[in-house]
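Structure, as structure tokens:
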Amino acid sequence: MISKNRLIFATVLCFAAFLTLALRAAQFQLATDPRLAQLALRQYRSRVLVLPQRGPIQDRNGEPLAVNVEVPSLAANPKKWKPKTSYLRALSRRLGVPYATLKERLDSDRSFVWLKRHLSDAQVAFLKEPPEGLWLVKESRRVYPNGTLASQVLGQANIDLEGIEGMELKFDSRLRGESRVVESIRDGLMRPAFLESAMPESGAASSQTRALQLTLDSGLQFEVEKLLHAAQDATGAESGSVLVMDASTGEILVMAGVPSFDPNRKQASPALRRNRIVTDGFEPGSTMKPFLVLSALQAGKSLQSRVWGGMGKIRVQGHWISEAKEDERFGWLTLEKLLQVSSNVGSAALALDLGAPRLMNFLEQMGFGSKSGIEFPGEISGWLPQRKQLPLHTLASMGFGQGMLATRLQVARAYAAILNGGWLVRPTLLKDPEFQKAFPPVRVFPAEHAVLLQKALAKVTQEGGTGLSAQVEGYRIAGKTGTAQMIDPRTRTYSQKDYIASFAGFALDLEPKLVVLTVLDKPKGSYYSASTAAPLFKSVFQAIASRLNPQMRTHVAKVHKDHFNSSVAMRSLKRFLQEEDSLTDLGRRAFDPIESQSSDDRVWVMPSLKGLSPRELARSLKGHSFDLEVRGFGTVARQFPEVGRHVSDGDKIVVHLVQEP
């Protein structure tokens, strides 16, 4: 029989034990233990790296060129999911991932592995109800909605949304933004289920500021790329390029190259991805002759200064320099005529006359031999030979654009200086209102020399010039052809069959001032620029006129009796009026006089001017002294006063021109 004392002792002991456990439990439940709290947090909380949405790329009008879309990817927890072999083989076939690769990933001791990134709709349908331990994760994928459009400019972003080429690479940090680490609650499969820390309210705004707006016009880029593909097919050229630049601002509206690639597809050869306009050098050939003439003007010569054409060829240090065609034999040539007929011999003679220091200094001032500073990775500086101990035959060859390397961008930039009045602008692909303040243009030659060169280059596209096929009806086109031999990589000498054809030019009297450069590499058959690059220029300019018709305008031209203002447009209209012998009566509208009036106060009946071209309009005005205002370009669509109204000397006539579709 248990004694009373023992019973009391056992009772007290049990009560003490119970109280101890209760107090300990209360301590666990109510008191804070940092160590235990940390252990608990580690079971269901983790720190997650949150990547912001990659900023979109847009054209100058806000049209998307590169965007993000949400796509599912497949992930697994190898610690939770051990699939049967049959299911894993079926999954391998559906995903297009080798069975051995899937098995290796699932044999990992990690709690998270990727099985396939960026699934197709069919693959997602197969995984509509994935087993435990296997789940779909939403990711962002970079998409280029226009496929190959401007792909060599845009470049690519990889599967992790990192820029690896082109503008995607150049502005990668801006497009990616800043990553943040946030606290996350995990579910039973160790997947992030809830992010405690939301993105800051400024997140949306910062995403907008990371958008990259380019100077490209996607609609015009599309049209030009079609024309470039057609020209490549027609000429059999190995590759081709077109560049359209605003001569006043340096903004690039079109930068096109063929062949190209689709950045939505991850596999493409380096040759297809390369932006030749910026990263490749070429011998520009005769497109360099205007800068030879500009250098001569800088030295005090005039367009009427003469050089000897050698009657077809000259010999310099044992090397023969001849004209492009055997039947071309020129004697004395003015500098203006030298450009019009594109004489190689005359250019070589002029280069020798100027000397290496003067010519090389001017070419360097024009930006040749140095990078332009455009916002694009991989730009090269081109190459100019060392002026010290420069062989005379190399100097002579440089007169017609051989013996040096330039980029297509450098050539277009130099022509922009001719069009804008002698200012060297910095080319840009980035639409930025502060760009001009940050990089102001630099004057490289006087405005009067620019006007002289414009006049000379306009004759290149007229009868007797090498660029006649670049002429566009209704416009004053100025430019220069270029056909240069390419280096044969095997013999390291000039090839007798491979050429590069180019044409650089612009329209006078139009705003905005746009320079167009067209280049075709290794055209088959007729390789001369006149039959390859020049017709491509014509097609491109017509596309420009059609695309930018509401934005482009002719300079206002006013005609007064015995008075012409000094604008370029006015000189153009004056030229029309003076070319009476070359104008026919075709399309002319006669101003019928009102009878029984004195000769001092003549009055005429206003005819219909609808459908007249600028030349026909000028012919109709011959002999009158009206105050004429011309708006737009193309042919006359509207007029004031209306048909049948009476007009007299000094009355204002307003015509609106519209480009025909």
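Here, A, B, ... name the chains of the structure tokens in the order displayed, residue numbers run from 1 inside each chain, and ligands are numbered from 1 in the same displayed order.
Summary of the local environment: counting only C-alpha atoms, residues at most 10 Å from Arg547 of chain A, other than itself and those fewer than 5 positions away along its chain, are Asp217, Gly219, Leu220, Glu223, Phe541, Gln542 and Met552 of chain A.
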Expected file: the selected residues, N, CA and C atoms, as an mmCIF file, in the first residue's frame:
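Produced file result29.cif, reproduced below:
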```
data_model
loop_
_atom_site.group_PDB
_atom_site.id
_atom_site.type_symbol
_atom_site.label_atom_id
_atom_site.label_comp_id
_atom_site.auth_asym_id
_atom_site.auth_seq_id
_atom_site.Cartn_x
_atom_site.Cartn_y
_atom_site.Cartn_z
ATOM 1 N N ASP A 217 11.927 55.200 -89.752
ATOM 2 C CA ASP A 217 10.521 55.222 -90.142
ATOM 3 C C ASP A 217 10.191 53.819 -90.636
ATOM 4 N N GLY A 219 7.535 52.326 -91.741
ATOM 5 C CA GLY A 219 6.806 52.202 -93.004
ATOM 6 C C GLY A 219 7.711 52.412 -94.195
ATOM 7 N N LEU A 220 8.550 53.430 -94.143
ATOM 8 C CA LEU A 220 9.490 53.687 -95.229
ATOM 9 C C LEU A 220 10.553 52.601 -95.285
ATOM 10 N N GLU A 223 9.122 49.663 -97.202
ATOM 11 C CA GLU A 223 9.080 49.877 -98.647
ATOM 12 C C GLU A 223 10.466 49.780 -99.256
ATOM 13 N N PHE A 541 13.735 56.926 -103.940
ATOM 14 C CA PHE A 541 13.269 58.303 -103.788
ATOM 15 C C PHE A 541 11.766 58.407 -104.058
ATOM 16 N N GLN A 542 11.270 57.652 -105.025
ATOM 17 C CA GLN A 542 9.833 57.663 -105.284
ATOM 18 C C GLN A 542 9.064 57.135 -104.078
ATOM 19 N N MET A 552 6.704 66.592 -96.857
ATOM 20 C CA MET A 552 7.663 67.222 -97.745
ATOM 21 C C MET A 552 7.007 68.390 -98.469
#
```
Kindly provide the residues of segment 237-305 of chain A that approach segment 435-447 of chain A to within 10 Å, each paired with its closest atom pair and their distance in Å to one decimal, based on only C-alpha atoms, listed by chain and increasing number, as a tab-separated table.
```
residue	atom	partner	partner_atom	distance
A:Ser248	CA	A:Pro441	CA	8.8
A:Thr249	CA	A:Gln436	CA	7.1
A:Gly250	CA	A:Gln436	CA	8.9
A:Glu251	CA	A:Phe435	CA	9.7
A:Leu294	CA	A:Phe445	CA	8.2
A:Ser295	CA	A:Phe445	CA	9.1
A:Leu297	CA	A:Phe445	CA	9.4
A:Gln298	CA	A:Phe445	CA	7.6
```
Counting only C-alpha atoms, the option among A:Ala406, A:Ala356, A:Ala247, A:Met366 closest to Leu390 of chain A: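 With only C-alpha atoms as the atom set, the closest residue is A:Ala356.
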For Arg176 of chain A, the nearest of the candidates A:Gly62, A:Ser108, A:Pro641, A:Ile57, counting only C-alpha atoms: A:Ile57
Residues of segment 335-534 of chain A in strand (DSSP E or B), written as a ChimeraX atom specification: /A:383,405-407,423-424,428,430,442-443,476-488,493-508,510-511,514-521
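Comparing A:Asp160, A:Asn264, A:Cys14, A:Glu129 by their smallest distance to Leu65 of chain A, the closest is A:Asn264 (using only C-alpha atoms).
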Shortest interatomic distance to Leu227 of chain A - which of A:Trp308, A:Phe368, A:Tyr494, A:Phe537, counting only C-alpha atoms: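 Residue with the minimum atom-to-atom distance to Leu227 of chain A: A:Phe537.
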Shell around segment 80-84 of chain A at 7 Å using only C-alpha atoms, local window under 5 positions removed, as an MDAnalysis selection string: chainID A and resid 132:134
Counting only C-alpha atoms, the option among A:Arg142, A:Arg413, A:Arg89, A:Lys128 closest to Asn68 of chain A: A:Arg142
Picked from segment 359-562 of chain A by DSSP as alpha helix (DSSP H), as a PyMOL selection string: chain A and resi 359-365+392-398+408-420+435-438+447-460+533-547
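Atom CA of Ala450 of chain A to atom CA of Gly422 of chain A spans 5.8 Å [interatomic distance, one decimal].
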Would you pick out the contacts of Val97 of chain A at 12 Å or less, using only C-alpha atoms, so that residues sharing its chain but fewer than 4 positions from it are not included, and give the list as a PDB file with N, CA and C atoms, in the first residue's frame?
```pdb
ATOM      1  N   LEU A  74       8.549  25.309 -68.903  1.00  0.00           N
ATOM      2  CA  LEU A  74       8.330  24.122 -68.075  1.00  0.00           C
ATOM      3  C   LEU A  74       9.485  23.939 -67.097  1.00  0.00           C
ATOM      4  N   LEU A  88       8.366  10.068 -69.251  1.00  0.00           N
ATOM      5  CA  LEU A  88       9.501  10.932 -69.564  1.00  0.00           C
ATOM      6  C   LEU A  88       9.856  10.839 -71.049  1.00  0.00           C
ATOM      7  N   ARG A  89       9.732   9.660 -71.629  1.00  0.00           N
ATOM      8  CA  ARG A  89      10.007   9.528 -73.067  1.00  0.00           C
ATOM      9  C   ARG A  89       8.950  10.264 -73.894  1.00  0.00           C
ATOM     10  N   ALA A  90       7.692  10.163 -73.483  1.00  0.00           N
ATOM     11  CA  ALA A  90       6.634  10.899 -74.183  1.00  0.00           C
ATOM     12  C   ALA A  90       6.867  12.405 -74.066  1.00  0.00           C
ATOM     13  N   LEU A  91       7.275  12.841 -72.867  1.00  0.00           N
ATOM     14  CA  LEU A  91       7.560  14.264 -72.659  1.00  0.00           C
ATOM     15  C   LEU A  91       8.736  14.713 -73.526  1.00  0.00           C
ATOM     16  N   SER A  92       9.728  13.850 -73.653  1.00  0.00           N
ATOM     17  CA  SER A  92      10.890  14.167 -74.491  1.00  0.00           C
ATOM     18  C   SER A  92      10.478  14.390 -75.937  1.00  0.00           C
ATOM     19  N   ARG A  93       9.591  13.521 -76.441  1.00  0.00           N
ATOM     20  CA  ARG A  93       9.136  13.667 -77.829  1.00  0.00           C
ATOM     21  C   ARG A  93       8.340  14.960 -78.000  1.00  0.00           C
ATOM     22  N   THR A 101      18.924  14.191 -71.811  1.00  0.00           N
ATOM     23  CA  THR A 101      19.045  15.533 -71.226  1.00  0.00           C
ATOM     24  C   THR A 101      18.034  15.733 -70.109  1.00  0.00           C
ATOM     25  N   LEU A 102      16.778  15.321 -70.368  1.00  0.00           N
ATOM     26  CA  LEU A 102      15.757  15.439 -69.331  1.00  0.00           C
ATOM     27  C   LEU A 102      16.103  14.614 -68.100  1.00  0.00           C
ATOM     28  N   LYS A 103      16.584  13.387 -68.352  1.00  0.00           N
ATOM     29  CA  LYS A 103      16.912  12.498 -67.225  1.00  0.00           C
ATOM     30  C   LYS A 103      18.059  13.069 -66.398  1.00  0.00           C
ATOM     31  N   GLU A 104      19.046  13.645 -67.077  1.00  0.00           N
ATOM     32  CA  GLU A 104      20.182  14.232 -66.361  1.00  0.00           C
ATOM     33  C   GLU A 104      19.729  15.399 -65.478  1.00  0.00           C
ATOM     34  N   ARG A 105      18.825  16.223 -65.990  1.00  0.00           N
ATOM     35  CA  ARG A 105      18.341  17.361 -65.201  1.00  0.00           C
ATOM     36  C   ARG A 105      17.530  16.900 -63.996  1.00  0.00           C
ATOM     37  N   TRP A 114      15.043  23.838 -65.057  1.00  0.00           N
ATOM     38  CA  TRP A 114      14.281  24.078 -66.283  1.00  0.00           C
ATOM     39  C   TRP A 114      14.291  22.824 -67.144  1.00  0.00           C
ATOM     40  N   LEU A 115      13.127  22.467 -67.678  1.00  0.00           N
ATOM     41  CA  LEU A 115      13.052  21.358 -68.634  1.00  0.00           C
ATOM     42  C   LEU A 115      12.952  21.877 -70.071  1.00  0.00           C
ATOM     43  N   LYS A 116      12.199  22.958 -70.284  1.00  0.00           N
ATOM     44  CA  LYS A 116      12.099  23.556 -71.618  1.00  0.00           C
ATOM     45  C   LYS A 116      11.618  24.995 -71.463  1.00  0.00           C
ATOM     46  N   ARG A 117      12.342  25.914 -72.058  1.00  0.00           N
ATOM     47  CA  ARG A 117      11.967  27.330 -72.021  1.00  0.00           C
ATOM     48  C   ARG A 117      11.128  27.661 -73.243  1.00  0.00           C
ATOM     49  N   LEU A 119       7.544  27.455 -74.374  1.00  0.00           N
ATOM     50  CA  LEU A 119       6.799  26.358 -74.987  1.00  0.00           C
ATOM     51  C   LEU A 119       5.869  26.862 -76.084  1.00  0.00           C
ATOM     52  N   GLN A 123       2.633  22.248 -77.118  1.00  0.00           N
ATOM     53  CA  GLN A 123       3.301  21.701 -75.939  1.00  0.00           C
ATOM     54  C   GLN A 123       2.557  22.068 -74.665  1.00  0.00           C
TER      55      GLN A 123
END
```
Nearby residues (only C-alpha atoms) at most 8 Å from Ser111 of chain A, same-chain spacing under 5 positions excluded, as a list in words: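 Returned residues: Ala76, Asn77, Pro78, Lys79, Lys80 and Met190 of chain A.
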Interatomic distance, atom CA of Leu409 of chain A to atom CA of Trp383 of chain A (Å, one decimal):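 Separation of atom CA of Leu409 of chain A and atom CA of Trp383 of chain A: 13.6 Å.
Candidate residues A:Pro593, A:Gly355, A:Pro427, A:Pro535 were compared for distance to Ser469 of chain A, and the nearest is A:Pro535, using only C-alpha atoms.
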Close residues, His656 of chain A itself excluded, 7 Å, only C-alpha atoms, min 5 positions apart in chain, as a PyMOL selection string: chain A and resi 630-632+636-639
Spatial neighbours of Asp498 of chain A, max dist 8 Å, only C-alpha atoms, sep filter under 5 positions, as a list in words: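 The contact residues come out as Gln485, Met486, Asp488, Lys522 and Pro523 of chain A.
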Restricted to C-alpha atoms, what would the selected residues look like written as an mmCIF file, in the first residue's frame?
```
data_model
loop_
_atom_site.group_PDB
_atom_site.id
_atom_site.type_symbol
_atom_site.label_atom_id
_atom_site.label_comp_id
_atom_site.auth_asym_id
_atom_site.auth_seq_id
_atom_site.Cartn_x
_atom_site.Cartn_y
_atom_site.Cartn_z
ATOM 1 C CA GLN A 485 36.657 47.346 -108.562
ATOM 2 C CA MET A 486 36.763 45.044 -105.545
ATOM 3 C CA ASP A 488 40.211 39.671 -105.077
ATOM 4 C CA LYS A 522 28.994 42.237 -106.962
ATOM 5 C CA PRO A 523 26.095 42.738 -109.397
#
```
Atomic separation - atom CA of Arg408 of chain A relative to atom CA of Ile277 of chain A, Å: 5.0 Å
